[in-house]
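Dropping my_file.txt in here (compact mmCIF, C-alpha atoms (C1' of nucleotides)):
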```txt
# COMPACT_ATOMS: atom_id res chain seq x y z
CA MET A 27 56.15 58.69 -63.43
CA ARG A 28 58.88 60.51 -65.21
CA LEU A 29 62.27 59.23 -66.21
CA THR A 30 65.28 60.84 -64.62
CA SER A 31 67.32 63.43 -66.47
CA LEU A 32 70.14 60.91 -66.57
CA ALA A 33 68.01 58.61 -68.68
CA ASP A 34 66.89 61.57 -70.72
CA TYR A 35 70.49 62.47 -71.47
CA ALA A 36 71.30 58.88 -72.31
CA VAL A 37 68.55 58.75 -74.90
CA VAL A 38 69.70 61.95 -76.54
CA MET A 39 73.28 60.73 -76.59
CA MET A 40 72.38 57.36 -78.04
CA ALA A 41 70.27 59.02 -80.69
CA ALA A 42 73.15 61.26 -81.60
CA ALA A 43 75.41 58.24 -81.79
CA ALA A 44 72.95 56.38 -84.00
CA ARG A 45 72.84 59.29 -86.38
CA ARG A 46 76.50 58.78 -87.17
CA PRO A 47 77.53 56.24 -89.80
CA VAL A 48 77.91 52.76 -88.37
CA GLY A 49 81.42 51.95 -87.23
CA THR A 50 82.30 55.57 -86.55
CA ARG A 51 84.61 55.96 -83.60
CA LEU A 52 82.87 57.87 -80.82
CA SER A 53 84.02 59.33 -77.54
CA ALA A 54 82.32 60.70 -74.46
CA THR A 55 83.86 64.08 -75.19
CA LEU A 56 82.46 64.15 -78.70
CA LEU A 57 78.96 63.26 -77.64
CA ALA A 58 79.08 65.69 -74.76
CA GLU A 59 79.88 68.56 -77.10
CA GLU A 60 77.26 67.52 -79.59
CA THR A 61 74.44 67.06 -77.12
CA GLY A 62 75.30 69.68 -74.51
CA VAL A 63 75.46 67.12 -71.73
CA PRO A 64 78.16 67.96 -69.15
CA LEU A 65 81.24 65.91 -69.87
CA PRO A 66 81.55 64.14 -66.49
CA THR A 67 77.92 63.16 -66.69
CA ALA A 68 78.39 61.87 -70.21
CA GLN A 69 81.28 59.75 -68.99
CA LYS A 70 79.17 58.29 -66.26
CA LEU A 71 76.44 57.46 -68.73
CA THR A 72 78.74 55.82 -71.23
CA GLY A 73 79.99 53.66 -68.42
CA ARG A 74 76.54 52.44 -67.56
CA LEU A 75 75.56 51.94 -71.17
CA ALA A 76 78.69 49.92 -71.77
CA ALA A 77 78.07 47.83 -68.68
CA ALA A 78 74.61 47.06 -70.00
CA GLY A 79 76.06 45.83 -73.26
CA LEU A 80 74.66 48.61 -75.42
CA LEU A 81 78.04 50.12 -76.19
CA ALA A 82 81.26 48.34 -77.11
CA THR A 83 84.17 50.19 -75.56
CA ALA A 84 87.85 50.35 -76.40
CA ARG A 85 90.36 51.97 -74.09
CA GLY A 86 93.52 53.81 -74.91
CA THR A 87 94.45 56.71 -77.09
CA GLY A 88 92.61 55.64 -80.21
CA GLY A 89 89.83 54.18 -78.11
CA GLY A 90 86.25 55.19 -77.70
CA PHE A 91 83.15 53.18 -78.33
CA ARG A 92 80.47 52.31 -80.82
CA LEU A 93 76.98 50.86 -80.75
CA ALA A 94 77.18 47.23 -79.79
CA ARG A 95 74.12 46.43 -81.88
CA ARG A 96 72.34 47.87 -84.85
CA ALA A 97 70.21 50.88 -83.95
CA GLY A 98 67.11 48.94 -84.92
CA GLU A 99 67.95 46.30 -82.36
CA ILE A 100 68.16 48.73 -79.45
CA SER A 101 64.92 49.82 -77.82
CA LEU A 102 64.10 52.73 -75.62
CA ALA A 103 63.45 50.28 -72.81
CA ASP A 104 67.00 48.99 -73.11
CA ILE A 105 68.45 52.45 -72.64
CA VAL A 106 66.20 53.33 -69.74
CA GLU A 107 66.93 50.08 -67.96
CA ALA A 108 70.65 50.51 -68.50
CA VAL A 109 70.57 53.84 -66.67
CA GLU A 110 67.77 53.54 -64.18
CA GLY A 111 67.71 49.83 -63.55
CA PRO A 112 64.78 47.49 -64.08
CA ILE A 113 61.50 49.03 -65.09
CA VAL A 114 59.12 48.32 -62.26
CA MET A 115 56.16 50.46 -61.35
CA THR A 116 56.02 49.37 -57.74
CA SER A 117 58.28 47.41 -55.46
CA CYS A 118 55.61 44.72 -55.40
CA VAL A 119 56.45 43.83 -58.99
CA ASP A 120 60.12 43.54 -58.21
CA VAL A 121 61.38 40.03 -57.71
CA GLU A 122 60.73 38.95 -54.16
CA ARG A 123 60.59 42.13 -52.19
CA HIS A 124 57.70 41.65 -49.83
CA ASP A 125 57.61 44.92 -47.99
CA CYS A 126 53.94 45.44 -48.73
CA ALA A 127 52.10 46.07 -45.49
CA LEU A 128 49.33 43.79 -46.61
CA GLU A 129 51.73 41.13 -47.84
CA SER A 130 49.88 38.58 -49.89
CA ALA A 131 46.55 40.15 -49.07
CA CYS A 132 47.29 43.03 -51.41
CA GLN A 133 44.67 42.83 -54.11
CA VAL A 134 46.27 45.44 -56.29
CA ARG A 135 49.52 43.72 -57.03
CA PRO A 136 48.35 41.32 -59.77
CA HIS A 137 46.94 44.25 -61.67
CA MET A 138 50.17 46.12 -61.35
CA SER A 139 51.99 43.42 -63.24
CA VAL A 140 49.69 44.01 -66.16
CA VAL A 141 50.20 47.75 -66.04
CA ASN A 142 53.90 47.24 -65.75
CA GLY A 143 53.96 45.12 -68.85
CA ALA A 144 51.94 47.66 -70.79
CA VAL A 145 54.26 50.50 -69.91
CA ARG A 146 57.35 48.49 -70.63
CA GLY A 147 55.88 47.42 -73.94
CA ALA A 148 55.32 51.01 -74.89
CA LEU A 149 59.00 51.71 -74.36
CA ALA A 150 60.21 48.48 -75.93
CA GLY A 151 58.26 49.27 -79.06
CA VAL A 152 60.36 52.31 -79.83
CA SER A 153 63.67 51.52 -81.48
CA LEU A 154 66.73 53.71 -81.43
CA SER A 155 66.71 53.94 -85.21
CA SER A 156 63.29 55.57 -85.17
CA LEU A 157 64.51 58.03 -82.54
CA ALA A 158 67.45 58.97 -84.72
CA GLU A 159 65.23 59.97 -87.60
CA VAL A 160 65.15 63.68 -88.13
CA LYS A 161 61.40 64.12 -88.21
CA ALA A 162 58.51 62.78 -86.25
CA MET B 30 60.61 55.01 -64.57
CA ARG B 31 58.89 53.95 -61.45
CA LEU B 32 56.11 55.67 -59.62
CA THR B 33 56.81 56.97 -56.15
CA SER B 34 55.72 55.09 -53.08
CA LEU B 35 53.31 57.91 -52.38
CA ALA B 36 51.50 57.13 -55.61
CA ASP B 37 51.71 53.46 -54.80
CA TYR B 38 50.06 54.04 -51.45
CA ALA B 39 47.42 56.21 -53.07
CA VAL B 40 46.45 53.46 -55.49
CA VAL B 41 46.16 50.92 -52.71
CA MET B 42 44.06 53.29 -50.63
CA MET B 43 41.76 54.18 -53.49
CA ALA B 44 41.32 50.51 -54.32
CA ALA B 45 40.42 49.80 -50.72
CA ALA B 46 37.95 52.66 -50.80
CA ALA B 47 36.38 51.40 -54.02
CA ARG B 48 35.89 47.99 -52.47
CA ARG B 49 33.51 49.51 -49.92
CA PRO B 50 29.85 49.99 -50.83
CA VAL B 51 29.23 53.29 -52.58
CA GLY B 52 28.33 56.10 -50.21
CA THR B 53 30.14 54.56 -47.26
CA ARG B 54 31.66 57.18 -45.02
CA LEU B 55 35.43 56.85 -45.05
CA SER B 56 38.20 58.43 -43.05
CA ALA B 57 41.94 58.66 -43.38
CA THR B 58 42.27 56.72 -40.13
CA LEU B 59 40.13 53.89 -41.42
CA LEU B 60 42.02 53.52 -44.67
CA ALA B 61 45.35 53.78 -42.91
CA GLU B 62 44.47 50.87 -40.66
CA GLU B 63 43.12 48.83 -43.54
CA THR B 64 46.03 49.37 -45.88
CA GLY B 65 48.90 49.66 -43.44
CA VAL B 66 49.87 53.10 -44.73
CA PRO B 67 51.15 55.38 -41.93
CA LEU B 68 48.36 57.64 -40.77
CA PRO B 69 50.12 60.98 -41.40
CA THR B 70 51.00 59.85 -44.89
CA ALA B 71 47.45 58.74 -45.49
CA GLN B 72 46.24 62.17 -44.43
CA LYS B 73 48.60 63.85 -46.80
CA LEU B 74 47.40 61.65 -49.63
CA THR B 75 43.73 62.20 -48.97
CA GLY B 76 44.44 65.91 -49.13
CA ARG B 77 45.98 65.66 -52.55
CA LEU B 78 43.35 63.31 -53.85
CA ALA B 79 40.64 65.67 -52.64
CA ALA B 80 42.37 68.65 -54.22
CA ALA B 81 42.45 66.78 -57.51
CA GLY B 82 38.71 66.19 -57.32
CA LEU B 83 38.88 62.45 -56.86
CA LEU B 84 37.56 62.52 -53.31
CA ALA B 85 34.69 64.56 -51.91
CA THR B 86 35.51 65.62 -48.37
CA ALA B 87 33.33 66.62 -45.44
CA ARG B 88 34.77 68.13 -42.30
CA GLY B 89 33.58 67.93 -38.75
CA THR B 90 32.71 65.17 -36.35
CA GLY B 91 30.66 63.08 -38.71
CA GLY B 92 32.85 64.02 -41.62
CA GLY B 93 35.18 62.03 -43.78
CA PHE B 94 35.14 61.52 -47.51
CA ARG B 95 33.90 59.36 -50.34
CA LEU B 96 34.76 58.78 -53.98
CA ALA B 97 33.77 61.83 -55.98
CA ARG B 98 33.00 59.66 -58.99
CA ARG B 99 32.09 56.09 -59.71
CA ALA B 100 35.06 53.76 -59.52
CA GLY B 101 34.69 53.02 -63.21
CA GLU B 102 35.15 56.69 -64.00
CA ILE B 103 38.47 56.98 -62.17
CA SER B 104 41.58 55.81 -63.97
CA LEU B 105 45.00 54.92 -62.71
CA ALA B 106 46.36 57.94 -64.55
CA ASP B 107 44.03 60.19 -62.54
CA ILE B 108 45.41 58.89 -59.26
CA VAL B 109 49.02 59.09 -60.31
CA GLU B 110 48.62 62.61 -61.62
CA ALA B 111 46.85 63.67 -58.46
CA VAL B 112 49.82 62.61 -56.37
CA GLU B 113 52.83 63.07 -58.62
CA GLY B 114 51.66 65.84 -60.89
CA PRO B 115 51.38 65.70 -64.66
CA ILE B 116 52.66 62.60 -66.38
CA VAL B 117 55.57 63.71 -68.53
CA MET B 118 58.50 61.55 -69.47
CA THR B 119 60.90 64.41 -70.06
CA SER B 120 60.86 68.11 -69.36
CA CYS B 121 60.80 68.65 -73.11
CA VAL B 122 57.24 67.40 -73.22
CA ASP B 123 56.19 69.76 -70.49
CA VAL B 124 54.48 72.90 -71.64
CA GLU B 125 57.07 75.47 -72.61
CA ARG B 126 60.12 74.54 -70.65
CA HIS B 127 62.95 74.97 -73.08
CA ASP B 128 65.90 73.94 -71.00
CA CYS B 129 67.09 71.45 -73.59
CA ALA B 130 70.70 72.18 -74.42
CA LEU B 131 69.94 71.74 -78.09
CA GLU B 132 66.78 73.81 -77.90
CA SER B 133 64.77 73.35 -81.07
CA ALA B 134 67.53 71.30 -82.66
CA CYS B 135 66.65 68.36 -80.42
CA GLN B 136 65.54 65.63 -82.80
CA VAL B 137 64.33 63.35 -80.07
CA ARG B 138 61.61 65.51 -78.61
CA PRO B 139 58.85 64.85 -81.17
CA HIS B 140 59.26 61.14 -80.61
CA MET B 141 59.02 61.60 -76.89
CA SER B 142 55.56 63.03 -77.23
CA VAL B 143 54.46 59.80 -78.85
CA VAL B 144 56.05 57.69 -76.15
CA ASN B 145 54.53 59.90 -73.52
CA GLY B 146 51.08 59.40 -74.98
CA ALA B 147 51.54 55.66 -75.13
CA VAL B 148 52.55 55.41 -71.49
CA ARG B 149 49.80 57.67 -70.34
CA GLY B 150 47.31 55.67 -72.36
CA ALA B 151 48.43 52.49 -70.65
CA LEU B 152 47.64 54.05 -67.29
CA ALA B 153 44.45 55.71 -68.40
CA GLY B 154 43.13 52.39 -69.65
CA VAL B 155 43.04 50.90 -66.17
CA SER B 156 40.00 51.91 -64.15
CA LEU B 157 39.78 51.89 -60.40
CA SER B 158 36.92 49.42 -60.50
CA SER B 159 39.12 46.85 -62.19
CA LEU B 160 41.80 47.44 -59.58
CA ALA B 161 39.31 46.82 -56.82
CA GLU B 162 38.41 43.40 -58.12
CA VAL B 163 39.72 40.65 -55.96
CA LYS B 164 41.41 38.62 -58.62
CA ALA B 165 43.64 39.39 -61.57
C1' DC C 10 110.43 54.35 -73.11
C1' DG C 11 107.60 58.51 -72.04
C1' DC C 12 103.41 60.93 -73.08
C1' DA C 13 98.74 61.82 -74.21
C1' DA C 14 94.07 60.45 -74.37
C1' DT C 15 90.51 57.56 -73.03
C1' DC C 16 87.51 54.73 -69.92
C1' DG C 17 86.40 53.34 -65.02
C1' DG C 18 85.15 53.94 -60.30
C1' DA C 19 84.80 56.70 -56.02
C1' DA C 20 83.56 60.78 -53.31
C1' DC C 21 80.97 65.08 -52.65
C1' DG C 22 76.96 68.25 -52.76
C1' DA C 23 72.11 69.23 -53.84
C1' DA C 24 67.34 68.43 -54.58
C1' DA C 25 63.24 65.91 -53.99
C1' DT C 26 60.81 62.58 -51.58
C1' DG C 27 58.67 60.58 -47.51
C1' DA C 28 57.35 60.67 -42.68
C1' DT C 29 55.93 63.40 -38.60
C1' DC C 30 53.78 66.96 -35.98
C1' DC C 31 50.67 70.77 -34.81
C1' DG C 32 46.96 74.08 -35.89
C1' DA C 33 42.25 75.36 -38.17
C1' DT C 34 37.56 74.07 -39.10
C1' DT C 35 33.24 71.89 -38.49
C1' DT C 36 29.49 69.29 -36.60
C1' DA C 37 27.21 66.55 -32.75
C1' DG C 38 25.63 66.59 -28.28
C1' DA C 39 24.66 68.65 -23.62
C1' DT D 2 24.24 78.43 -26.72
C1' DC D 3 28.41 76.36 -25.46
C1' DT D 4 31.57 72.69 -24.97
C1' DA D 5 34.04 69.06 -26.93
C1' DA D 6 35.37 65.50 -30.09
C1' DA D 7 36.84 64.32 -34.60
C1' DT D 8 38.28 65.48 -38.94
C1' DC D 9 40.92 67.90 -42.65
C1' DG D 10 44.72 71.10 -43.89
C1' DG D 11 49.30 73.10 -43.99
C1' DA D 12 54.02 73.52 -42.14
C1' DT D 13 58.35 71.33 -40.46
C1' DC D 14 62.17 67.95 -40.36
C1' DA D 15 64.89 63.66 -41.46
C1' DT D 16 66.12 60.46 -45.18
C1' DT D 17 67.06 58.76 -49.54
C1' DT D 18 68.07 59.27 -54.22
C1' DC D 19 69.76 61.82 -57.93
C1' DG D 20 73.15 64.65 -60.21
C1' DT D 21 77.63 66.55 -60.54
C1' DT D 22 82.44 66.61 -59.97
C1' DC D 23 86.99 64.84 -59.32
C1' DC D 24 90.79 61.48 -59.37
C1' DG D 25 93.00 56.97 -60.58
C1' DA D 26 93.71 52.85 -63.98
C1' DT D 27 94.51 51.37 -68.65
C1' DT D 28 95.93 51.55 -73.40
C1' DG D 29 97.90 53.12 -77.82
C1' DC D 30 100.99 56.46 -80.20
C1' DG D 31 105.31 59.12 -80.85
```
Kindly transcribe the structure held in the file into structure tokens.
Amino acid sequence: MRLTSLADYAVVMMAAAARRPVGTRLSATLLAEETGVPLPTAQKLTGRLAAAGLLATARGTGGGFRLARRAGEISLADIVEAVEGPIVMTSCVDVERHDCALESACQVRPHMSVVNGAVRGALAGVSLSSLAEVKA
Amino acid sequence: MRLTSLADYAVVMMAAAARRPVGTRLSATLLAEETGVPLPTAQKLTGRLAAAGLLATARGTGGGFRLARRAGEISLADIVEAVEGPIVMTSCVDVERHDCALESACQVRPHMSVVNGAVRGALAGVSLSSLAEVKA
DNA sequence: CGCAATCGGAACGAAATGATCCGATTTAGA
DNA sequence: TCTAAATCGGATCATTTCGTTCCGATTGCG
């Protein structure tokens, strides 16, 4: 019930990126220095974030990346899912993975879907722009 | 952003226990057979749940355990915390663990507290009695 | 045309989780 | 009172995932 430090780093990096003026050219090195995240780890994260469509990348010398969408259009859930994969409380909720010992007799599963939606909603309700604001 | 299978098992076991009439004498063996959870794992879980005050245990031949409180007074958050420890999204939220690279300059932390509360609230709002109900 | 700087993926090591086993404690019955 | 069965409790070991690090592919500039 805690998000991995990878996801934690990703959130901090994205917030730092959102604090820059839109269109600013960013690099993994820059964000690593600014956030204190180890450079190799930052590179790994940018890769995942780009693969998820949250960052638009450009290779080459003058390359780098920028936010693919406005900060207000990116939610905390998007970032977490980009790094950790789908948000699912239990494997029961995952699409077609019947490894429950009780199979269909499991009475808890339908409730889990509700809980899952509530948790995901809590994360989806927080936009990156609000995270970039300086104060609470 | 997913709870461990240990916590998953614990929820299923507690739900199975809540479905029994109040005061019924339960054992780890019984719940293991009913839920399909491996017996040693079930024993480990009952230990943690008892240590958290969710189960009242009795040793000896006629021993076993029962719910320490009414099912309506036990929330999903209680179970998860009993197995996984405190619910904290990031280490920042944890009490006095300043290992953030940015230390106090981290602008994201105050927002995390809000998110943390929202997620915890989603889990605390689900009681064990509702989980024990047969239908969604 | 060569060089520098960047992203992208692959391999390694470490930590935590999950499953298993054995010992300590307690009560029921003889 | 003593034996014995049944339970909880803690300690040990394999497995998986996470986290870090390193190296190759690609692109733009001099």
Would you write out, as a Markdown table, a table of all residues in chain B that have an atom no more than 9 Å from an atom of chain C, listing for each the closest atom pair and the distance in Å to one decimal, considering all atoms listed in the file and ordering rows by chain and rising residue number?
```
| residue | atom | partner | partner_atom | distance |
| --- | --- | --- | --- | --- |
| B:Thr33 | CA | C:DT26 | C1' | 8.3 |
| B:Ser34 | CA | C:DG27 | C1' | 8.4 |
| B:Leu35 | CA | C:DG27 | C1' | 7.7 |
| B:Pro67 | CA | C:DA28 | C1' | 8.2 |
| B:Pro69 | CA | C:DT29 | C1' | 6.9 |
| B:Thr70 | CA | C:DA28 | C1' | 6.8 |
| B:Ala87 | CA | C:DT35 | C1' | 8.7 |
| B:Arg88 | CA | C:DT35 | C1' | 5.6 |
| B:Gly89 | CA | C:DT35 | C1' | 4.0 |
| B:Thr90 | CA | C:DT36 | C1' | 5.2 |
| B:Gly91 | CA | C:DT36 | C1' | 6.7 |
| B:Gly92 | CA | C:DT36 | C1' | 8.0 |
```
Would you give me, as a tab-separated table, each residue of chain D having an atom within 12 Å of an atom of chain A, along with its shortest atom pair and that distance in Å to one decimal, using only C-alpha atoms (C1' of nucleotides) and sorting by chain and residue number?
```
residue	atom	partner	partner_atom	distance
D:DT18	C1'	A:Thr30	CA	10.9
D:DC19	C1'	A:Thr30	CA	8.1
D:DG20	C1'	A:Leu32	CA	8.0
D:DT21	C1'	A:Thr67	CA	7.0
D:DT22	C1'	A:Pro66	CA	7.0
D:DC23	C1'	A:Pro66	CA	9.0
D:DC24	C1'	A:Pro66	CA	12.0
D:DA26	C1'	A:Arg85	CA	10.7
D:DT27	C1'	A:Gly86	CA	6.8
D:DT28	C1'	A:Gly86	CA	3.6
D:DG29	C1'	A:Thr87	CA	5.0
D:DC30	C1'	A:Thr87	CA	7.2
D:DG31	C1'	A:Thr87	CA	11.7
```
As an exercise, work out the distance from atom CA of Asp34 of chain A to atom CA of Thr119 of chain B in Å and give it to one decimal place.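 Distance reported for this atom pair: 6.7 Å.
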Enumerate as an MDAnalysis selection string the residues belonging to chain A that approach chain B to within 8 Å, with all atoms listed in the file taken into account. chainID A and resid 27:31 34 38 41 61:63 106 110 113:116 127:128 133:134 136:137 141 144:145 148:149 152 157:162
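Proximity of B:Arg99, B:Gln72, B:Gly52, B:Glu62 to DG11 of chain D, computed with all atoms listed in the file, is greatest for B:Gln72.
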